>>> print(open('start.txt').read())   # compact mmCIF, C-alpha atoms and all ligand atoms
# COMPACT_ATOMS: atom_id res chain seq x y z
CA MET A 1 0.00 0.00 0.00
CA SER A 2 1.34 3.50 -0.77
CA LYS A 3 1.73 5.71 2.28
CA ILE A 4 0.12 9.06 2.88
CA VAL A 5 2.49 12.03 2.96
CA VAL A 6 2.28 13.61 6.40
CA GLY A 7 2.84 17.34 6.77
CA GLY A 8 2.58 17.38 10.57
CA VAL A 9 0.99 15.72 13.58
CA GLU A 10 -0.66 16.73 16.83
CA LYS A 11 -0.45 13.93 19.31
CA PHE A 12 -3.31 15.10 21.51
CA SER A 13 -6.20 17.42 20.77
CA ALA A 14 -9.47 18.14 22.53
CA VAL A 15 -10.73 20.53 19.87
CA ASP A 16 -10.42 18.82 16.47
CA PHE A 17 -13.15 16.20 16.93
CA PRO A 18 -16.24 17.21 18.96
CA ARG A 19 -16.41 15.59 22.39
CA ARG A 20 -13.53 13.23 21.67
CA LEU A 21 -9.84 13.23 22.40
CA SER A 22 -8.01 12.70 19.16
CA ALA A 23 -4.61 12.62 17.59
CA VAL A 24 -4.45 14.71 14.45
CA VAL A 25 -2.54 14.01 11.27
CA PHE A 26 -2.07 16.97 8.92
CA MET A 27 -1.88 15.61 5.42
CA GLN A 28 0.49 17.28 3.01
CA GLY A 29 -0.91 19.03 -0.04
CA CYS A 30 -3.70 21.52 -0.49
CA PRO A 31 -5.40 22.93 -3.59
CA TRP A 32 -7.03 25.77 -1.66
CA ARG A 33 -5.35 29.13 -1.25
CA CYS A 34 -7.11 30.49 1.81
CA PRO A 35 -5.87 34.02 2.59
CA PHE A 36 -6.06 33.18 6.31
CA CYS A 37 -3.78 30.13 6.05
CA HIS A 38 -1.32 29.78 8.92
CA ASN A 39 0.26 26.72 7.40
CA ALA A 40 1.35 27.63 3.87
CA SER A 41 4.22 25.15 3.97
CA ILE A 42 1.74 22.31 3.95
CA ARG A 43 0.18 23.39 0.66
CA ASP A 44 2.78 22.03 -1.75
CA ILE A 45 2.17 18.47 -2.79
CA VAL A 46 5.56 16.89 -2.25
CA LYS A 47 6.62 13.27 -1.94
CA GLU A 48 8.52 13.56 1.32
CA THR A 49 8.45 15.62 4.50
CA ASP A 50 10.12 15.39 7.90
CA PHE A 51 7.20 13.33 9.17
CA SER A 52 6.54 9.68 8.52
CA TRP A 53 3.24 7.84 8.47
CA ASP A 54 4.89 4.69 9.84
CA LYS A 55 6.19 6.55 12.89
CA PHE A 56 2.81 8.14 13.52
CA PHE A 57 1.11 4.76 13.19
CA GLU A 58 3.55 3.29 15.71
CA PHE A 59 2.60 6.13 18.06
CA LEU A 60 -1.10 5.41 17.51
CA GLN A 61 -0.54 1.79 18.52
CA THR A 62 0.65 3.05 21.90
CA ARG A 63 -2.47 5.22 22.29
CA VAL A 64 -5.09 2.47 21.98
CA GLY A 65 -7.41 2.83 24.96
CA LYS A 66 -5.99 6.28 25.77
CA LEU A 67 -7.30 8.31 22.81
CA ASP A 68 -10.76 8.03 21.26
CA ALA A 69 -10.12 9.08 17.72
CA VAL A 70 -7.79 10.08 14.92
CA THR A 71 -8.60 13.19 12.87
CA PHE A 72 -7.35 13.50 9.31
CA SER A 73 -6.77 17.17 8.64
CA GLY A 74 -4.72 19.19 6.24
CA GLY A 75 -3.84 20.58 3.94
CA GLU A 76 -6.71 18.86 2.18
CA PRO A 77 -6.93 15.16 3.05
CA LEU A 78 -8.96 14.34 -0.06
CA VAL A 79 -5.95 15.16 -2.25
CA GLN A 80 -4.16 11.93 -1.40
CA ASP A 81 -5.44 8.81 -3.13
CA CYS A 82 -4.53 6.32 -0.40
CA LEU A 83 -6.66 8.03 2.27
CA ALA A 84 -9.29 5.26 2.43
CA GLU A 85 -6.71 2.50 2.92
CA THR A 86 -4.99 4.57 5.60
CA ILE A 87 -8.25 5.18 7.42
CA GLN A 88 -8.96 1.43 7.32
CA GLU A 89 -5.58 0.81 8.91
CA VAL A 90 -6.37 3.26 11.73
CA ARG A 91 -9.90 1.92 12.19
CA SER A 92 -8.45 -1.55 12.71
CA LEU A 93 -6.90 -0.19 15.93
CA GLY A 94 -10.39 0.75 17.15
CA PHE A 95 -10.21 4.54 16.79
CA ALA A 96 -13.11 6.67 15.61
CA ILE A 97 -12.23 8.69 12.52
CA GLY A 98 -12.63 12.43 11.97
CA LEU A 99 -12.08 14.24 8.68
CA HIS A 100 -11.50 17.95 8.01
CA THR A 101 -12.06 18.96 4.40
CA GLY A 102 -13.00 21.83 2.14
CA GLY A 103 -15.03 19.45 0.00
CA TYR A 104 -12.41 18.97 -2.70
CA ARG A 105 -12.96 15.82 -4.81
CA PRO A 106 -16.47 14.68 -3.82
CA GLU A 107 -15.92 11.36 -5.62
CA HIS A 108 -13.12 10.68 -3.16
CA LEU A 109 -15.27 11.82 -0.24
CA ALA A 110 -17.91 9.27 -1.35
CA LYS A 111 -15.29 6.55 -1.06
CA VAL A 112 -14.08 7.46 2.42
CA LEU A 113 -17.42 8.51 3.92
CA PRO A 114 -18.47 4.98 4.97
CA LEU A 115 -15.22 4.78 6.97
CA VAL A 116 -15.60 8.09 8.79
CA ASP A 117 -17.46 8.96 12.03
CA TRP A 118 -17.45 12.75 11.82
CA VAL A 119 -16.66 15.40 9.19
CA GLY A 120 -15.90 19.12 9.52
CA LEU A 121 -16.65 20.80 6.18
CA ASP A 122 -15.14 24.25 5.62
CA ILE A 123 -17.40 26.72 3.88
CA LYS A 124 -15.04 29.40 2.67
CA ALA A 125 -17.37 31.87 0.93
CA PRO A 126 -21.00 32.44 -0.06
CA PHE A 127 -22.17 29.94 -2.67
CA VAL A 128 -21.29 32.11 -5.64
CA ALA A 129 -18.56 30.81 -7.94
CA GLU A 130 -16.81 34.17 -8.28
CA ARG A 131 -16.64 34.58 -4.51
CA TYR A 132 -15.05 31.17 -4.03
CA GLN A 133 -12.58 31.98 -6.78
CA ALA A 134 -11.79 35.38 -5.27
CA ILE A 135 -11.32 34.12 -1.73
CA VAL A 136 -9.57 30.77 -2.14
CA GLY A 137 -8.01 31.22 -5.56
CA VAL A 138 -9.79 28.30 -7.19
CA ASN A 139 -13.33 27.84 -8.37
CA HIS A 140 -14.24 24.53 -6.79
CA LEU A 141 -17.71 25.59 -5.68
CA ALA A 142 -19.45 22.80 -7.60
CA ARG A 143 -17.26 20.29 -5.78
CA VAL A 144 -18.09 21.84 -2.42
CA LEU A 145 -21.81 21.67 -3.12
CA ASN A 146 -21.53 18.05 -4.28
CA SER A 147 -19.63 17.18 -1.12
CA LEU A 148 -22.24 18.90 1.00
CA ASP A 149 -25.00 16.93 -0.75
CA LEU A 150 -23.12 13.70 -0.08
CA LEU A 151 -22.87 14.55 3.60
CA LEU A 152 -26.53 15.47 3.82
CA ALA A 153 -27.51 12.19 2.18
CA SER A 154 -25.27 10.16 4.49
CA LYS A 155 -25.79 9.23 8.11
CA VAL A 156 -22.40 10.62 9.07
CA ASP A 157 -22.34 13.30 11.74
CA PHE A 158 -20.94 16.53 10.29
CA GLU A 159 -20.66 20.24 10.79
CA CYS A 160 -20.04 23.19 8.48
CA ARG A 161 -17.86 26.07 9.60
CA THR A 162 -16.52 29.32 8.24
CA THR A 163 -13.35 31.16 9.17
CA CYS A 164 -14.48 34.78 9.37
CA ASP A 165 -11.72 36.79 7.73
CA PRO A 166 -12.94 40.41 7.70
CA ARG A 167 -10.66 41.26 4.77
CA PHE A 168 -12.79 39.02 2.53
CA LEU A 169 -16.11 38.36 4.27
CA SER A 170 -18.82 40.68 5.53
CA VAL A 171 -21.75 40.16 7.88
CA ASP A 172 -23.95 40.02 4.77
CA ASP A 173 -21.82 37.20 3.40
CA LEU A 174 -22.28 35.26 6.63
CA TRP A 175 -26.04 35.77 6.39
CA GLN A 176 -25.94 34.40 2.85
CA ILE A 177 -23.97 31.34 3.87
CA ALA A 178 -26.13 30.66 6.91
CA LYS A 179 -29.39 30.93 4.99
CA ALA A 180 -28.10 28.71 2.17
CA LEU A 181 -27.00 26.05 4.67
CA LYS A 182 -30.30 26.22 6.54
CA GLU A 183 -32.20 25.83 3.26
CA LYS A 184 -30.16 22.77 2.39
CA GLY A 185 -30.94 21.15 5.74
CA VAL A 186 -27.59 21.54 7.49
CA LYS A 187 -28.03 21.17 11.27
CA LYS A 188 -24.65 22.32 12.60
CA TYR A 189 -22.83 25.47 11.57
CA PHE A 190 -20.12 27.36 13.43
CA LEU A 191 -18.21 30.60 12.97
CA GLN A 192 -14.48 30.63 13.60
CA LYS A 193 -12.56 33.76 14.46
CA TYR A 194 -9.80 34.77 12.08
CA ARG A 195 -6.40 35.09 13.74
CA PRO A 196 -4.30 37.45 11.59
CA ILE A 197 -1.50 35.68 9.76
CA ASP A 198 2.05 37.02 10.15
CA SER A 199 1.94 39.00 6.90
CA ASP A 200 -1.33 40.71 7.83
CA LYS A 201 -0.19 43.80 9.70
CA THR A 202 -3.40 45.80 9.38
CA THR A 203 -6.33 43.69 10.57
CA THR A 204 -7.15 44.45 14.19
CA ASP A 205 -8.90 42.36 16.77
CA ASP A 206 -11.85 44.77 16.54
CA ASP A 207 -12.08 44.08 12.80
CA CYS A 208 -12.24 40.35 13.50
CA GLU A 209 -14.79 40.72 16.30
CA ARG A 210 -17.08 42.92 14.21
CA LEU A 211 -18.02 39.91 12.08
CA LEU A 212 -18.80 37.85 15.15
CA THR A 213 -20.94 40.19 17.19
CA ASP A 214 -23.85 41.12 14.92
CA LYS A 215 -26.79 40.45 17.23
CA ASP A 216 -29.36 39.64 14.54
CA LEU A 217 -27.02 37.23 12.83
CA LEU A 218 -26.06 35.54 16.09
CA ASP A 219 -29.73 35.18 17.08
CA TYR A 220 -30.50 33.60 13.70
CA LEU A 221 -27.59 31.20 14.00
CA LYS A 222 -28.55 30.20 17.54
CA GLN A 223 -32.14 29.58 16.50
CA ASN A 224 -31.33 27.56 13.42
CA PHE A 225 -28.20 25.53 14.12
CA VAL A 226 -27.75 22.98 16.90
CA GLY A 227 -25.19 24.03 19.49
CA PHE A 228 -24.13 27.10 17.52
CA GLU A 229 -21.15 28.94 18.94
CA VAL A 230 -18.46 31.32 17.85
CA ARG A 231 -15.07 29.67 18.15
CA ARG A 232 -12.43 32.10 19.26
S1 LIG B 301 -7.38 24.55 3.48
FE1 LIG B 301 -6.06 24.84 5.26
S2 LIG B 301 -3.98 24.34 4.55
FE2 LIG B 301 -5.25 24.68 2.72
S3 LIG B 301 -4.92 26.83 2.21
FE3 LIG B 301 -6.77 26.70 3.47
S4 LIG B 301 -6.09 27.06 5.58
FE4 LIG B 301 -4.25 26.55 4.34
>>> encode(input="start.txt", output="structure tokens")
Amino acid sequence: MSKIVVGGVEKFSAVDFPRRLSAVVFMQGCPWRCPFCHNASIRDIVKETDFSWDKFFEFLQTRVGKLDAVTFSGGEPLVQDCLAETIQEVRSLGFAIGLHTGGYRPEHLAKVLPLVDWVGLDIKAPFVAERYQAIVGVNHLARVLNSLDLLLASKVDFECRTTCDPRFLSVDDLWQIAKALKEKGVKKYFLQKYRPIDSDKTTTDDDCERLLTDKDLLDYLKQNFVGFEVRR
């Protein structure tokens, strides 16, 4: 079996898989170009990094009974073709499986979905092709919508979430996203605060908070999405 290329690992996390303690593997390679990315070095799809899947798997074997889950994050996990086989390997140890994705390659998501216990789907912009293109540099909106439909049709627990970068998103944009998700039948949606990247010297904390404190929007989100919260 070919091995996944690992861009980084987090051996213990209480925040990457709801209500479960998980180890996180950051998979190398990402087709998105999020302006709020804190991990640009993980974007390039390369064959080798300083991390090894075998070493991480050895570590996981020592965590059986101590951790609940393993979360596949990125980068964009759906880039790498051997994801399903790798998940099977981890499942055989008894861990629950979490997946973070932007919805790239829905045909690949369809393959791994039966092996996954929870998915966090990033919604990066309102559902308008030009906005996706402008914000993340690629127009993969159709893929995102197909992935969302797959999740809605599955029995897999999932959430949608948006990183609220005030340089690119407005309160109106968040309204648009929230209403579109509600219309589609999404039950869980969360807002995530943007933390300025090193090269962003102008965005202030007040700018970031302004997107997260609109009372009407917050009331709508609380009323329409289970367990809604702003993640800061
Ligand atoms: S999906 Fe993640 S790794 Fe990829 S560009 Fe966006 S923030 Fe960076």
>>> closest_residue(input="start.txt", among="A:Asp149, A:Asp81, A:Asp165, A:Asp216", to="A:Arg195", atoms="all atoms listed in the file")
A:Asp165
>>> residues_around(input="start.txt", residues="A:Asn224", least_positions_apart="5", cutoff="12 Å", atoms="only C-alpha atoms", output="MDAnalysis selection string")
chainID A and resid 178:183 185:190 217:219 229
>>> residues_around(input="start.txt", residues="stretch 58-69 of chain A", least_positions_apart="5", cutoff="10 Å", atoms="only C-alpha atoms", output="ChimeraX atom specification")
/A:11-13,16-17,19-24,53,90-91,93-98,117
>>> residues_near_ligand(input="start.txt", ligand="ligand LIG 301 (chain B)", cutoff="10 Å", atoms="all atoms listed in the file", output="MDAnalysis selection string")
chainID A and resid 26:44 73:77 100:104 122 124 136:137 163
>>> closest_residue(input="start.txt", among="A:Val46, A:Leu150, A:Cys164, A:Val156", to="A:Pro126", atoms="all atoms listed in the file")
A:Cys164
>>> closest_residue(input="start.txt", among="A:His140, A:Thr86, A:Leu109, A:Leu99", to="A:Glu159", atoms="only C-alpha atoms")
A:Leu99
>>> residues_around(input="start.txt", residues="A:Thr204", least_positions_apart="4", cutoff="10 Å", atoms="all atoms listed in the file", output="VMD selection string")
chain A and resid 166 195 to 196 200 208 to 209
>>> closest_residue(input="start.txt", among="A:Thr202, A:Asp207, A:Ile123, A:Leu145", to="A:Leu174", atoms="all atoms listed in the file")
A:Ile123
>>> closest_residue(input="start.txt", among="A:Val5, A:Val171, A:Val128, A:Leu113", to="A:Gln80", atoms="only C-alpha atoms")
A:Val5
>>> atom_distance(input="start.txt", atom1="atom CA of A:Leu115", atom2="atom CA of A:Ala14")
21.3 Å
>>> atom_distance(input="start.txt", atom1="atom CA of A:Gln88", atom2="atom CA of A:Glu107")
17.7 Å
>>> atom_distance(input="start.txt", atom1="atom CA of A:Ala110", atom2="atom CA of A:Ala153")
10.6 Å
>>> closest_residue(input="start.txt", among="A:Ala129, A:Val70, A:Leu221, A:Ala142", to="A:Arg161", atoms="all atoms listed in the file")
A:Leu221
